[in-house]
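Novice: One structure, pasted below without further comment.
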Amino acid sequence: MPRASIARLLAPAGLLALAALAWLALRRDALVVYCAHDAIYSERILKEFEQRTGISVAIRFDTEATKSLGLAELIQREKETPRCDVFWNNELLGMLDLQERGLLEPYQGSGFARIPAAFKDPQGHWTGFAARLRVWISNRRAASAAEDPSLLTSAATLSRVAIAKPLYGTTFTHYCVLWNAWGGEKLRAWHHDWRRRGVREVGGNAAAKDLVAEGVCDLGLTDTDDFFEAKDDGKPVAAQPVRLENHATICIPNTVAIIRGTRRAAAARRLVDFLLSEETELALAHSKSRQIPLGPVASDRLPAEVRELVEWAKDGVDLTKLGPARADCLAWLKAEYLR
């Protein structure tokens, strides 16, 4: 290569080009997985699959702020020349959208059979596994928050209440659940009222958890995996499930799907079966995230904390009906936050 060309590649833009070339070279032989689940939990699972099968895996993660939505939209942009073979999403709604757009390849393998019907597409376009719950996280030093979140959320000011911006991740799913239950008009009024009263909006669930764990806020909305991270760090936190007026909880599964157009179908199917196995669900249940198995697992094989979550998850609202709410809610939130 001429020296001038080398110099151009070593410039900042050139370094990005080199990174792109390296990614393309890697993916020629590897199974490409887009993964919205936290790398600290998912990478170990994917590396275990790689070691057992000899199938090379190239993983593309997303950011905390835009996870799930960012990767789902990337798959849409790449639909004519797909780069992704398997999408491991950390929620469901993005999968519903990709299915509606015809971008998922149906597959019903050995893992599909063990997952209950409520957590999978009947044709196998996507399948759920290893769920989390939406929870109120409270600082135990704020007794009123720990006893009853409504005591704080009904106050004149919400400056000591934290929530992630709802355009992304499981907070977006939470908003879609409320849109479906309340209707758009009531949700918009509730959202604007919370903002008017000074709720602290942050970049993600982890940031909301941190504000509560450090005592900056007394109460926040997050997921069970973030709560357990704070608890394991010795923070004075407690959690209770978010419940709708009908007492339903919000149980959000991981989901996995094969992208239509993959040239690595056999390898992709092996990974899907691996992720949907009892072994993987148990590994995620025993990880620091304490994820909730959706397939049959003997309760005595689960940590005590996860057994309690299993009981909460039995009241989970049906997320498969949220397709229309997702489209309307997303359009509104993009207008709110992406002006």
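The way I read the labels, and the way they are meant: chains A, B, ... in the order of the structure tokens, residue 1 as the first residue of every chain, and ligand 1 as the first ligand shown, with later ones counted on from there.
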Please provide the set of residues having any atom within 12 Å of Ala304 of chain A, restricted to only C-alpha atoms, with same-chain residues fewer than 3 positions apart removed, written as a list in words.

Specialist: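 Listing them by chain and then by number gives Ala285, His286, Arg290, Ile292, Ser299, Asp300, Arg301, Arg307, Glu308, Leu309, Val310 and Glu311 of chain A.
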
Novice: Do a neighbour search on Glu78 of chain A at 12 Å with only C-alpha atoms, toss out local chain neighbours closer than 3 positions, and write the hits as a CSV table (one decimal) with C-alpha atoms, in the first residue's frame.

Specialist:
chain,number,residue,atom,x,y,z
A,71,LEU,CA,-29.9,-2.9,17.2
A,72,ALA,CA,-33.4,-3.5,16.0
A,73,GLU,CA,-33.3,-0.4,13.8
A,74,LEU,CA,-29.8,-1.5,12.6
A,75,ILE,CA,-31.2,-4.8,11.5
A,81,THR,CA,-27.7,-7.2,2.9
A,82,PRO,CA,-28.1,-8.6,6.4
A,83,ARG,CA,-24.9,-8.7,8.5
A,84,CYS,CA,-26.5,-10.2,11.6
A,85,ASP,CA,-27.3,-13.9,11.8
A,98,LEU,CA,-38.9,-7.2,13.1
A,103,LEU,CA,-37.1,-9.9,8.8
A,259,ILE,CA,-32.4,-13.1,10.9
A,260,ARG,CA,-33.9,-13.8,7.5
A,261,GLY,CA,-31.2,-14.1,4.8
A,262,THR,CA,-28.5,-15.6,7.0

Novice: Which one is closest to Thr222 of chain A: A:Asn254, A:Thr157, A:Asn205, A:Asn246? Count only C-alpha atoms.

Specialist: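 Smallest separation from Thr222 of chain A among the options: A:Asn205.
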
Novice: Can you list, as a count of residues only, every protein, DNA or RNA residue that comes within 12 Å of Leu330 of chain A when you count only C-alpha atoms, leaving out same-chain residues fewer than 2 positions away?

Specialist: 30

Novice: Which neighbours of Phe119 of chain A fall inside 8 Å, counting only C-alpha atoms, when residues of the same chain fewer than 6 positions from it are skipped, and could you give them as a PyMOL selection string?

Specialist: chain A and resi 127-129+253+294+320

Novice: Would you save the residues from that selection as a CSV table (one decimal), in the first residue's frame, using C-alpha atoms?

Specialist:
chain,number,residue,atom,x,y,z
A,127,THR,CA,-38.7,-17.3,21.4
A,128,GLY,CA,-38.3,-15.9,24.9
A,129,PHE,CA,-36.1,-17.0,27.7
A,253,PRO,CA,-38.0,-11.9,28.6
A,294,LEU,CA,-39.3,-19.4,31.6
A,320,THR,CA,-47.4,-10.2,22.8

Novice: In terms of the shortest atom-to-atom distance over only C-alpha atoms, which of A:Val135, A:Ala268, A:Met95, A:Leu276 is closest to Ala30 of chain A?

Specialist: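 Checking each candidate against Ala30 of chain A, we get A:Ala268 as the closest.
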
Novice: List every residue of segment 68-294 of chain A that DSSP, applied to the backbone, labels as helix (DSSP H, G or I), and write the result as a PyMOL selection string.

Specialist: chain A and resi 69-77+93-100+110-114+117-119+143-147+149-153+169-182+184-196+205-213+224-232+265-275+278-286

Novice: Point out the residue among A:Leu302, A:Val297, A:Leu46, A:Val57 with the least atom-to-atom distance to Arg114 of chain A, counting only C-alpha atoms.

Specialist: A:Val297

Novice: Pick out the closest residue to Asp223 of chain A from this set: A:Leu151, A:Ala206, A:Ile45, A:Ala181. Count only C-alpha atoms.

Specialist: A:Ala206

Novice: Which of these, A:Asp218, A:Lys120, A:Glu105, A:Ala189, has the shortest distance to Leu158 of chain A once you count only C-alpha atoms?

Specialist: A:Asp218

Novice: Between atom CA of Gln291 of chain A and atom CA of Ser42 of chain A, what is the spacing in Å?

Specialist: 11.7 Å

Novice: Tell me which of A:Arg197, A:His191, A:Arg132, A:Arg243 sits closest to Phe227 of chain A, counting only C-alpha atoms.

Specialist: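 Closest candidate: A:Arg132.
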
Novice: May I have the residues within 6 Å of segment 31-41 of chain A as a ChimeraX atom specification, using only C-alpha atoms and disregarding those fewer than 4 positions away in the same chain?

Specialist: /A:57-62,67-68,84-90

Novice: Would you list the contacts of Gly234 of chain A as a PyMOL selection string, taking every protein, DNA or RNA residue within 12 Å and counting only C-alpha atoms, but skipping same-chain residues closer than 3 positions in sequence?

Specialist: chain A and resi 139-140+213-214+227-231+237-238

Novice: When DSSP is applied to the backbone of this structure, which of segment 100-261 of chain A are assigned strand (DSSP E)? Write them out as a PyMOL selection string.

Specialist: chain A and resi 104-105+127-139+161-164+200-202+219-223+237-241+251-259

Novice: Calculate how many Å separate atom CA of Lys314 of chain A from atom CA of Glu279 of chain A, rounding to one decimal.

Specialist: 21.3 Å

Novice: Work out how far apart atom CA of Gly204 of chain A and atom CA of Ser287 of chain A are and give it in Å to one decimal.

Specialist: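 The value is 20.8 Å.
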
Novice: Please provide the set of residues having any atom within 6 Å of Val161 of chain A, restricted to only C-alpha atoms, with same-chain residues fewer than 4 positions apart removed, written as JSON, numbers by chain.

Specialist: {"A": [199, 217, 219, 220]}
